[in-house]
file final-v4.txt (compact mmCIF, C-alpha atoms and all ligand atoms)
# COMPACT_ATOMS: atom_id res chain seq x y z
CA MET A 34 1.84 -31.84 -1.06
CA PHE A 35 2.74 -30.04 2.12
CA GLU A 36 2.77 -32.05 5.37
CA ALA A 37 1.98 -30.05 8.50
CA PRO A 38 4.70 -30.30 11.16
CA GLN A 39 2.06 -30.86 13.83
CA PRO A 40 3.83 -31.66 17.13
CA ASP A 41 5.96 -28.58 17.75
CA LEU A 42 3.43 -25.93 16.74
CA PRO A 43 1.98 -24.12 19.73
CA ALA A 44 -1.72 -23.36 19.36
CA ILE A 45 -2.74 -19.70 19.52
CA ALA A 46 -5.89 -20.51 21.52
CA SER A 47 -8.63 -23.06 21.38
CA ASP A 48 -11.83 -21.53 22.76
CA ALA A 49 -14.54 -20.15 20.48
CA THR A 50 -15.08 -16.69 22.02
CA PRO A 51 -15.11 -13.82 19.52
CA PRO A 52 -11.65 -12.36 19.08
CA ARG A 53 -10.56 -8.99 20.40
CA TYR A 54 -7.81 -8.66 17.80
CA SER A 55 -7.88 -9.61 14.13
CA LEU A 56 -4.46 -9.93 12.55
CA ILE A 57 -4.68 -9.63 8.77
CA VAL A 58 -1.74 -10.89 6.76
CA PRO A 59 -1.60 -10.89 2.93
CA ILE A 60 0.35 -13.82 1.53
CA TYR A 61 1.93 -14.10 -1.89
CA ASN A 62 4.33 -17.03 -2.16
CA GLU A 63 5.46 -16.90 1.45
CA GLU A 64 5.89 -20.65 2.17
CA GLU A 65 9.23 -20.02 3.88
CA ASN A 66 7.80 -17.43 6.26
CA LEU A 67 4.39 -18.77 7.25
CA LEU A 68 5.36 -21.13 10.04
CA GLU A 69 7.77 -18.66 11.60
CA LEU A 70 5.08 -15.99 11.37
CA TYR A 71 2.63 -18.32 13.09
CA ARG A 72 5.16 -19.13 15.80
CA ARG A 73 5.94 -15.48 16.52
CA ILE A 74 2.26 -14.60 16.63
CA SER A 75 1.51 -17.52 18.94
CA GLU A 76 4.10 -16.18 21.38
CA LEU A 77 2.55 -12.77 21.14
CA ALA A 78 -0.96 -14.03 21.88
CA ASP A 79 -0.22 -14.45 25.61
CA GLN A 80 0.87 -10.83 25.94
CA LEU A 81 -2.36 -9.38 24.55
CA ASP A 82 -5.36 -8.62 26.75
CA GLY A 83 -7.80 -10.70 24.72
CA PRO A 84 -8.08 -13.51 22.19
CA LEU A 85 -6.90 -13.00 18.64
CA GLU A 86 -7.70 -14.40 15.25
CA LEU A 87 -5.17 -14.67 12.48
CA ILE A 88 -6.59 -14.05 9.00
CA LEU A 89 -4.25 -15.22 6.26
CA VAL A 90 -5.19 -14.00 2.80
CA ASP A 91 -3.63 -15.96 -0.01
CA ASP A 92 -3.18 -13.57 -2.94
CA GLY A 93 -2.98 -16.25 -5.64
CA SER A 94 0.24 -17.90 -4.41
CA ARG A 95 1.89 -20.49 -6.64
CA ASP A 96 3.90 -22.23 -3.92
CA ALA A 97 2.83 -24.29 -0.89
CA SER A 98 1.48 -21.28 1.04
CA LEU A 99 -2.17 -22.32 0.65
CA ASP A 100 -1.43 -25.88 1.84
CA ILE A 101 0.27 -24.50 4.94
CA MET A 102 -2.67 -22.18 5.56
CA ARG A 103 -5.14 -25.07 5.27
CA SER A 104 -3.24 -27.16 7.76
CA LEU A 105 -2.82 -24.27 10.23
CA HIS A 106 -6.56 -23.69 10.02
CA GLY A 107 -7.15 -27.40 10.53
CA GLN A 108 -5.22 -27.56 13.76
CA ASP A 109 -5.95 -24.10 15.21
CA LYS A 110 -9.41 -22.63 14.76
CA ARG A 111 -8.10 -19.17 15.49
CA VAL A 112 -6.47 -19.25 12.09
CA SER A 113 -8.76 -18.35 9.20
CA TYR A 114 -7.80 -18.11 5.59
CA LEU A 115 -9.12 -16.78 2.33
CA SER A 116 -7.71 -17.73 -1.00
CA LEU A 117 -8.19 -15.20 -3.79
CA ALA A 118 -8.77 -16.70 -7.21
CA ARG A 119 -5.69 -14.96 -8.65
CA ASN A 120 -3.05 -12.43 -7.71
CA PHE A 121 -5.07 -9.27 -7.03
CA GLY A 122 -2.27 -7.36 -5.33
CA HIS A 123 -1.39 -6.61 -1.76
CA GLN A 124 -3.88 -3.79 -1.12
CA ILE A 125 -6.83 -5.84 -2.36
CA ALA A 126 -5.70 -8.89 -0.37
CA VAL A 127 -5.65 -6.78 2.79
CA SER A 128 -9.10 -5.41 1.93
CA ALA A 129 -10.43 -8.98 1.59
CA GLY A 130 -9.06 -9.78 5.05
CA MET A 131 -10.67 -6.65 6.47
CA ASP A 132 -14.04 -7.77 5.11
CA VAL A 133 -14.04 -10.91 7.28
CA ALA A 134 -12.30 -9.53 10.38
CA ARG A 135 -14.43 -9.86 13.53
CA GLY A 136 -12.17 -8.26 16.14
CA ALA A 137 -12.68 -5.05 18.09
CA ALA A 138 -9.37 -4.01 16.60
CA ALA A 139 -7.62 -5.09 13.40
CA VAL A 140 -3.92 -5.24 12.75
CA ILE A 141 -2.48 -5.26 9.23
CA MET A 142 0.99 -6.68 8.80
CA ASP A 143 3.26 -8.32 6.23
CA ALA A 144 4.04 -12.02 6.21
CA ASP A 145 7.81 -11.66 5.87
CA LEU A 146 8.29 -10.48 9.47
CA GLN A 147 9.63 -7.13 8.36
CA ASP A 148 6.88 -5.78 10.57
CA PRO A 149 7.81 -7.19 14.00
CA PRO A 150 4.71 -8.80 15.58
CA GLU A 151 6.03 -7.81 19.01
CA LEU A 152 5.21 -4.17 18.20
CA ILE A 153 1.52 -5.08 18.30
CA VAL A 154 1.65 -5.14 22.11
CA GLU A 155 2.71 -1.49 22.13
CA MET A 156 0.07 -0.66 19.51
CA ALA A 157 -2.62 -2.34 21.61
CA GLU A 158 -1.60 -0.25 24.63
CA ARG A 159 -2.00 2.96 22.62
CA TRP A 160 -5.36 1.72 21.36
CA GLN A 161 -6.50 1.11 24.92
CA ALA A 162 -5.33 4.63 25.78
CA GLY A 163 -7.95 5.92 23.34
CA TYR A 164 -6.35 6.11 19.90
CA HIS A 165 -8.36 4.80 16.95
CA VAL A 166 -5.44 4.26 14.60
CA VAL A 167 -1.94 3.36 15.71
CA TYR A 168 0.37 3.20 12.72
CA ALA A 169 3.97 2.06 12.67
CA GLN A 170 6.49 4.57 11.43
CA ARG A 171 9.87 3.30 10.28
CA VAL A 172 12.90 5.09 11.63
CA SER A 173 15.22 2.85 9.62
CA ARG A 174 15.15 0.14 6.96
CA TYR A 175 17.66 -2.67 6.90
CA LYS A 176 19.13 -4.47 3.93
CA GLU A 177 17.07 -2.62 1.35
CA SER A 178 18.92 -1.16 -1.59
CA LYS A 179 20.02 2.48 -1.50
CA VAL A 180 17.92 3.19 -4.60
CA LYS A 181 14.77 1.76 -2.98
CA ARG A 182 15.35 3.70 0.22
CA LEU A 183 15.99 6.91 -1.70
CA LEU A 184 12.89 6.45 -3.88
CA ALA A 185 10.73 5.68 -0.85
CA TYR A 186 12.14 8.69 1.00
CA GLY A 187 11.46 10.97 -1.98
CA PHE A 188 8.00 9.56 -2.69
CA TYR A 189 6.67 10.01 0.85
CA ARG A 190 7.81 13.62 0.86
CA VAL A 191 6.35 14.43 -2.56
CA LEU A 192 3.08 12.80 -1.50
CA LYS A 193 3.00 14.81 1.72
CA TRP A 194 3.52 17.97 -0.31
CA LEU A 195 0.88 17.18 -2.94
CA ALA A 196 -1.82 15.30 -1.03
CA ASP A 197 -5.06 16.99 0.02
CA ILE A 198 -4.87 15.27 3.40
CA GLU A 199 -2.09 14.73 5.91
CA ILE A 200 -0.51 11.34 5.13
CA PRO A 201 2.33 10.62 7.55
CA THR A 202 5.75 9.99 6.02
CA ASP A 203 7.63 6.66 6.19
CA THR A 204 4.50 4.79 7.15
CA GLY A 205 3.41 1.57 5.51
CA ASP A 206 0.29 -0.49 6.02
CA PHE A 207 1.47 -1.95 9.33
CA CYS A 208 -1.04 -0.57 11.82
CA LEU A 209 -3.74 -1.27 14.36
CA MET A 210 -7.21 0.12 13.71
CA ASP A 211 -10.24 0.37 15.89
CA ARG A 212 -13.47 -1.27 14.73
CA SER A 213 -15.01 2.16 14.01
CA VAL A 214 -12.25 2.94 11.49
CA LEU A 215 -12.36 -0.55 10.03
CA ASP A 216 -16.11 -0.27 9.43
CA VAL A 217 -15.60 2.93 7.43
CA LEU A 218 -12.78 1.43 5.35
CA VAL A 219 -14.77 -1.72 4.60
CA GLN A 220 -17.62 0.41 3.26
CA MET A 221 -15.36 2.38 0.92
CA PRO A 222 -16.18 1.05 -2.52
CA GLU A 223 -13.13 2.32 -4.40
CA ARG A 224 -10.97 -0.03 -6.40
CA ASN A 225 -7.73 1.90 -6.26
CA ARG A 226 -7.07 1.30 -2.64
CA TYR A 227 -4.10 3.15 -1.30
CA LEU A 228 -4.93 1.93 2.18
CA ARG A 229 -2.50 4.04 4.15
CA GLY A 230 -4.02 7.12 2.51
CA LEU A 231 -7.61 5.98 3.07
CA ARG A 232 -6.72 5.28 6.69
CA SER A 233 -5.53 8.88 7.10
CA TRP A 234 -8.59 10.17 5.26
CA VAL A 235 -10.91 8.56 7.82
CA GLY A 236 -9.60 10.80 10.60
CA PHE A 237 -10.28 9.98 14.28
CA ASN A 238 -7.38 9.98 16.77
CA GLN A 239 -4.25 8.69 15.12
CA THR A 240 -0.80 8.18 16.55
CA ALA A 241 2.53 6.63 15.55
CA VAL A 242 4.77 4.07 17.16
CA GLN A 243 8.28 3.98 15.80
CA PHE A 244 10.15 0.88 14.78
CA HIS A 245 13.19 -0.39 12.92
CA ARG A 246 12.20 -2.25 9.77
CA ALA A 247 13.84 -5.65 9.92
CA PRO A 248 15.15 -7.48 6.86
CA ARG A 249 12.90 -10.07 5.24
CA HIS A 250 12.88 -13.32 7.25
CA ALA A 251 13.12 -15.46 4.08
CA GLY A 252 12.27 -15.44 0.41
CA GLU A 253 12.33 -12.79 -2.27
CA VAL A 254 10.61 -9.42 -2.24
CA LYS A 255 7.11 -9.81 -3.74
CA TYR A 256 6.61 -6.13 -4.41
CA THR A 257 8.36 -5.78 -7.74
CA PHE A 258 9.52 -2.38 -8.88
CA ARG A 259 6.49 -2.19 -11.15
CA LYS A 260 4.06 -2.97 -8.33
CA SER A 261 5.72 -0.39 -6.09
CA LEU A 262 5.57 2.21 -8.87
CA ASN A 263 1.87 1.47 -9.45
CA LEU A 264 1.19 1.82 -5.74
CA ALA A 265 3.03 5.15 -5.69
CA ILE A 266 1.03 6.46 -8.68
CA ASP A 267 -2.19 5.20 -7.04
CA GLY A 268 -1.28 7.13 -3.91
CA LEU A 269 -0.59 10.34 -5.80
CA VAL A 270 -3.60 10.18 -8.11
CA SER A 271 -6.05 9.09 -5.41
CA PHE A 272 -5.11 11.83 -3.00
CA SER A 273 -4.15 14.80 -5.13
CA LYS A 274 -5.43 16.75 -8.10
CA VAL A 275 -2.20 18.72 -8.34
CA PRO A 276 -0.84 16.61 -11.27
CA LEU A 277 -3.87 17.69 -13.33
CA ARG A 278 -3.17 21.29 -12.53
CA LEU A 279 0.43 20.70 -13.49
CA SER A 280 -0.57 20.34 -17.15
CA THR A 281 -2.39 23.67 -16.96
CA TYR A 282 0.74 25.29 -15.55
CA LEU A 283 2.95 23.65 -18.18
CA GLY A 284 0.56 24.85 -20.88
CA LEU A 285 0.64 28.40 -19.54
CA PHE A 286 4.41 28.29 -19.30
CA SER A 287 4.68 27.20 -22.96
CA ALA A 288 2.28 29.93 -23.98
CA VAL A 289 4.45 32.55 -22.31
CA ILE A 290 7.55 31.21 -24.07
CA ALA A 291 5.73 31.18 -27.41
CA LEU A 292 4.59 34.79 -26.96
CA ALA A 293 8.09 35.89 -25.99
CA MET A 294 9.52 34.18 -29.09
CA ALA A 295 6.91 35.81 -31.31
CA ALA A 296 7.74 39.22 -29.86
CA LEU A 297 11.45 38.60 -30.43
CA VAL A 298 10.96 37.60 -34.07
CA PHE A 299 8.72 40.61 -34.64
CA TYR A 300 11.37 42.90 -33.11
CA TRP A 301 14.10 41.45 -35.32
CA ARG A 302 11.97 41.95 -38.42
CA VAL A 303 11.09 45.55 -37.55
CA THR A 304 14.61 46.58 -36.66
CA GLN A 305 15.98 44.91 -39.85
CA VAL A 306 18.60 43.09 -37.89
CA ASN A 307 19.51 39.81 -39.57
CA SER A 308 17.19 37.33 -37.95
CA PRO A 309 19.07 34.49 -36.22
CA VAL A 310 15.87 32.42 -36.24
CA THR A 311 16.54 30.94 -39.62
CA GLY A 312 17.72 27.51 -38.60
CA PHE A 313 15.95 24.27 -38.11
CA ALA A 314 17.08 23.91 -34.48
CA ALA A 315 14.82 26.53 -32.97
CA ILE A 316 11.72 25.12 -34.68
CA ALA A 317 12.62 21.55 -33.82
CA ILE A 318 13.14 22.42 -30.15
CA ALA A 319 9.83 24.26 -30.02
CA ILE A 320 7.99 21.32 -31.60
CA PHE A 321 9.57 18.78 -29.29
CA PHE A 322 8.92 20.93 -26.25
CA LEU A 323 5.25 21.39 -27.09
CA GLY A 324 4.89 17.74 -28.05
CA ALA A 325 6.34 16.71 -24.71
CA VAL A 326 4.05 19.04 -22.79
CA GLN A 327 1.02 17.67 -24.62
CA LEU A 328 1.94 14.03 -24.22
CA VAL A 329 2.70 14.41 -20.53
CA SER A 330 -0.61 16.21 -20.05
CA ILE A 331 -2.53 13.50 -21.88
CA GLY A 332 -0.73 10.87 -19.79
CA ILE A 333 -1.68 12.57 -16.54
CA LEU A 334 -5.26 12.97 -17.74
CA GLY A 335 -5.25 9.29 -18.67
CA GLU A 336 -4.28 8.28 -15.15
CA TYR A 337 -7.39 9.95 -13.80
CA ILE A 338 -9.71 8.83 -16.59
CA GLY A 339 -8.42 5.25 -16.30
CA ARG A 340 -9.37 5.28 -12.65
CA ILE A 341 -12.82 6.68 -13.39
CA TYR A 342 -13.24 3.82 -15.88
CA GLU A 343 -12.18 1.25 -13.28
CA GLU A 344 -14.68 2.64 -10.79
CA VAL A 345 -17.55 2.88 -13.28
CA LYS A 346 -17.24 -0.76 -14.29
CA GLY A 347 -18.18 -1.57 -10.71
CA ARG A 348 -16.63 -5.04 -10.68
CA PRO A 349 -16.17 -6.73 -7.33
CA LEU A 350 -12.83 -6.01 -5.65
CA TYR A 351 -11.76 -9.65 -5.70
CA THR A 352 -12.96 -13.19 -6.22
CA ILE A 353 -12.48 -15.92 -3.63
CA LYS A 354 -11.84 -19.53 -4.63
CA GLU A 355 -11.58 -21.06 -1.18
CA ARG A 356 -12.12 -20.03 2.41
CA GLY A 357 -11.48 -21.46 5.83
CA LEU A 358 -13.35 -19.35 8.34
CA PRO A 359 -14.08 -20.12 12.02
CA ASN A 360 -17.38 -21.84 11.21
CA SER A 361 -16.03 -23.84 8.29
N1 LIG B 1 1.99 -9.39 -1.25
C1 LIG B 1 0.73 -9.76 -1.71
N2 LIG B 1 0.47 -9.65 -3.05
C2 LIG B 1 1.39 -9.17 -3.93
C3 LIG B 1 2.65 -8.76 -3.45
C4 LIG B 1 2.92 -8.88 -2.10
O1 LIG B 1 -0.11 -10.20 -0.94
O2 LIG B 1 1.07 -9.10 -5.13
C5 LIG B 1 2.29 -9.52 0.20
C6 LIG B 1 3.56 -10.29 0.54
O3 LIG B 1 3.32 -11.67 0.61
C7 LIG B 1 3.93 -9.69 1.88
C8 LIG B 1 3.46 -8.25 1.75
O4 LIG B 1 2.50 -8.23 0.70
O5 LIG B 1 3.24 -10.30 2.95
C9 LIG B 1 4.59 -7.29 1.46
O6 LIG B 1 5.34 -7.72 0.36
P1 LIG B 1 6.93 -7.53 0.26
O7 LIG B 1 7.55 -7.97 1.52
O8 LIG B 1 7.38 -8.18 -0.98
O9 LIG B 1 7.04 -5.96 0.06
P2 LIG B 1 7.91 -4.86 0.81
O10 LIG B 1 8.51 -5.46 2.03
O11 LIG B 1 8.90 -4.44 -0.18
O12 LIG B 1 6.90 -3.80 1.13
MG MG B 2 8.60 -7.15 2.90
call {"tool": "encode", "arguments": {"input": "final-v4.txt", "output": "structure tokens"}}
result
Amino acid sequence: MFEAPQPDLPAIASDATPPRYSLIVPIYNEEENLLELYRRISELADQLDGPLELILVDDGSRDASLDIMRSLHGQDKRVSYLSLARNFGHQIAVSAGMDVARGAAAVIMDADLQDPPELIVEMAERWQAGYHVVYAQRVSRYKESKVKRLLAYGFYRVLKWLADIEIPTDTGDFCLMDRSVLDVLVQMPERNRYLRGLRSWVGFNQTAVQFHRAPRHAGEVKYTFRKSLNLAIDGLVSFSKVPLRLSTYLGLFSAVIALAMAALVFYWRVTQVNSPVTGFAAIAIAIFFLGAVQLVSIGILGEYIGRIYEEVKGRPLYTIKERGLPNS
């Protein structure tokens, strides 16, 4: 069982006034980062122009994260927590936090301190200057593998090219949002929540602050390659119908090739030239090509139909097994 290191933890605040800022942090096995996160945020609290609440959302952690959250809540009422009944994924965990946020502005950030809390001061200034969404844009990423950086670079550019709306490149979920934007997002019922896309979809005045993405403070990356890939596909499918059109184009392209081949064979027959299309290779290639086109098209179609199915079932976004809110 986790024992709270009580004496040297500075309290964020102790009064019961409603917060001006809600900091939402999804947590999946982050026991090594939680106390440092809390410490950094406590330091930040003095620099903001109003009280803050820290909403920790446990996304089905299997380590001591929930124990740490309980004890932080016990000693500092500005810390709330929700514990989801299983691992629902980062985007859903953030959505759960957004549902209970009470602030005039909400900040979404990771627990591993890759998103520097100190940037929130700059975000808050922009918010006060009249912007509804202030998102953090990375100008560099440290200590992440070349492959990951290259994939992320490529993905954001493909998404920008395909998406129906303007989604800024190199931008994660780290952002500050005004209450008006938060209210719209909370009402969005969709299950496939590519939050950074939904945030752009909402509109209002949006601006970027730039930052250098720090390495993880401690622990392993929780976004596995599979989770990242799923998020990327969610982003593409939720914000673009171009992949569907792609199968139409591929189909048309194959049809043109087929017609050209038919014309060629006909020409060879008519002119009595010895037809070179006698072998197995040409037929095999044609079959494989068409098979590939069809399978890819069905796959793309499936991505969209699968999402329709998810939406139609209308299940709740998440289930909560435990909560520690200001009044509890
Ligand atoms: N996270 C989560 N559920 C998951 C995976 C990750 O709540 O299923 C949280 C994690 O604890 C962290 C944030 O999402 O606070 C970002 O995760 P990570 O640092 O592993 O991803 P990356 O830095 O690669 O975006
Ligand atoms: Mg991280």
call {"tool": "closest_residue", "arguments": {"input": "final-v4.txt", "among": "A:Arg135, A:Lys255, A:Arg159, A:Arg72", "to": "ligand LIG 1 (chain B)", "atoms": "all atoms listed in the file"}}
result
A:Lys255
call {"tool": "residues_near_ligand", "arguments": {"input": "final-v4.txt", "ligand": "ligand MG 2 (chain B)", "cutoff": "7 Å", "atoms": "all atoms listed in the file", "output": "ChimeraX atom specification"}}
result
/A:143,145,147,249,254
call {"tool": "atom_distance", "arguments": {"input": "final-v4.txt", "atom1": "CA of Ile88 (chain A)", "atom2": "CA of Asp109 (chain A)"}}
result
11.8 Å
call {"tool": "atom_distance", "arguments": {"input": "final-v4.txt", "atom1": "CA of Ala157 (chain A)", "atom2": "CA of Arg103 (chain A)"}}
result
28.1 Å
call {"tool": "closest_residue", "arguments": {"input": "final-v4.txt", "among": "A:Leu277, A:Ile320, A:Leu70, A:Met210", "to": "ligand LIG 1 (chain B)", "atoms": "only C-alpha atoms and all ligand atoms"}}
result
A:Leu70
call {"tool": "residues_around", "arguments": {"input": "final-v4.txt", "residues": "Asn263 (chain A)", "least_positions_apart": "3", "cutoff": "12 Å", "atoms": "all atoms listed in the file", "output": "PyMOL selection string"}}
result
chain A and resi 122-124+225-227+256-260+266-271+336
call {"tool": "axis_aligned_box", "arguments": {"input": "final-v4.txt", "around": "ligand LIG 1 (chain B)", "padding_each_side": "6 Å", "output": "JSON"}}
result
{"center_x": 4.4, "center_y": -7.7, "center_z": -1.1, "size_x": 21.0, "size_y": 19.9, "size_z": 20.1}
call {"tool": "build_atoms", "arguments": {"input": "final-v4.txt", "residues": "region 315-325 of chain A", "atoms": "all heavy atoms", "output": "short mmCIF file (atom, residue, chain, number, x, y, z; two decimals), keeping the file's coordinate frame"}}
result
data_model
loop_
_atom_site.label_atom_id
_atom_site.label_comp_id
_atom_site.auth_asym_id
_atom_site.auth_seq_id
_atom_site.Cartn_x
_atom_site.Cartn_y
_atom_site.Cartn_z
N ALA A 315 15.79 25.84 -33.82
CA ALA A 315 14.82 26.53 -32.97
C ALA A 315 13.42 25.94 -33.15
O ALA A 315 12.70 25.69 -32.17
CB ALA A 315 14.82 28.02 -33.29
N ILE A 316 13.06 25.67 -34.39
CA ILE A 316 11.72 25.12 -34.68
C ILE A 316 11.60 23.72 -34.09
O ILE A 316 10.60 23.37 -33.46
CB ILE A 316 11.48 25.09 -36.20
CG1 ILE A 316 11.45 26.53 -36.72
CG2 ILE A 316 10.17 24.39 -36.52
CD1 ILE A 316 11.48 26.62 -38.22
N ALA A 317 12.67 22.93 -34.32
CA ALA A 317 12.62 21.55 -33.82
C ALA A 317 12.46 21.54 -32.31
O ALA A 317 11.64 20.78 -31.76
CB ALA A 317 13.90 20.81 -34.22
N ILE A 318 13.22 22.40 -31.62
CA ILE A 318 13.14 22.42 -30.15
C ILE A 318 11.73 22.80 -29.72
O ILE A 318 11.13 22.17 -28.83
CB ILE A 318 14.18 23.41 -29.56
CG1 ILE A 318 15.58 22.83 -29.76
CG2 ILE A 318 13.92 23.67 -28.07
CD1 ILE A 318 16.69 23.78 -29.43
N ALA A 319 11.18 23.81 -30.39
CA ALA A 319 9.83 24.26 -30.02
C ALA A 319 8.83 23.12 -30.21
O ALA A 319 7.97 22.87 -29.36
CB ALA A 319 9.44 25.47 -30.85
N ILE A 320 8.94 22.40 -31.32
CA ILE A 320 7.99 21.32 -31.60
C ILE A 320 8.12 20.21 -30.56
O ILE A 320 7.14 19.73 -29.99
CB ILE A 320 8.21 20.75 -33.01
CG1 ILE A 320 7.74 21.78 -34.04
CG2 ILE A 320 7.45 19.44 -33.20
CD1 ILE A 320 8.03 21.39 -35.47
N PHE A 321 9.37 19.85 -30.28
CA PHE A 321 9.57 18.78 -29.29
C PHE A 321 9.06 19.20 -27.91
O PHE A 321 8.44 18.42 -27.20
CB PHE A 321 11.06 18.40 -29.21
CG PHE A 321 11.44 17.38 -30.23
CD1 PHE A 321 12.14 17.73 -31.37
CD2 PHE A 321 11.07 16.05 -30.06
CE1 PHE A 321 12.47 16.78 -32.32
CE2 PHE A 321 11.40 15.10 -31.01
CZ PHE A 321 12.10 15.47 -32.14
N PHE A 322 9.33 20.44 -27.56
CA PHE A 322 8.92 20.93 -26.25
C PHE A 322 7.39 20.86 -26.12
O PHE A 322 6.85 20.31 -25.17
CB PHE A 322 9.42 22.36 -26.05
CG PHE A 322 8.98 22.97 -24.75
CD1 PHE A 322 9.47 22.48 -23.55
CD2 PHE A 322 8.08 24.01 -24.73
CE1 PHE A 322 9.05 23.03 -22.35
CE2 PHE A 322 7.66 24.57 -23.54
CZ PHE A 322 8.14 24.08 -22.34
N LEU A 323 6.72 21.39 -27.15
CA LEU A 323 5.25 21.39 -27.09
C LEU A 323 4.70 19.98 -27.13
O LEU A 323 3.76 19.64 -26.42
CB LEU A 323 4.68 22.20 -28.25
CG LEU A 323 4.77 23.70 -28.03
CD1 LEU A 323 4.23 24.44 -29.23
CD2 LEU A 323 3.98 24.09 -26.79
N GLY A 324 5.33 19.13 -27.97
CA GLY A 324 4.89 17.74 -28.05
C GLY A 324 5.01 17.07 -26.69
O GLY A 324 4.09 16.38 -26.24
N ALA A 325 6.13 17.32 -26.02
CA ALA A 325 6.34 16.71 -24.71
C ALA A 325 5.28 17.18 -23.73
O ALA A 325 4.68 16.39 -23.00
CB ALA A 325 7.73 17.05 -24.20
#
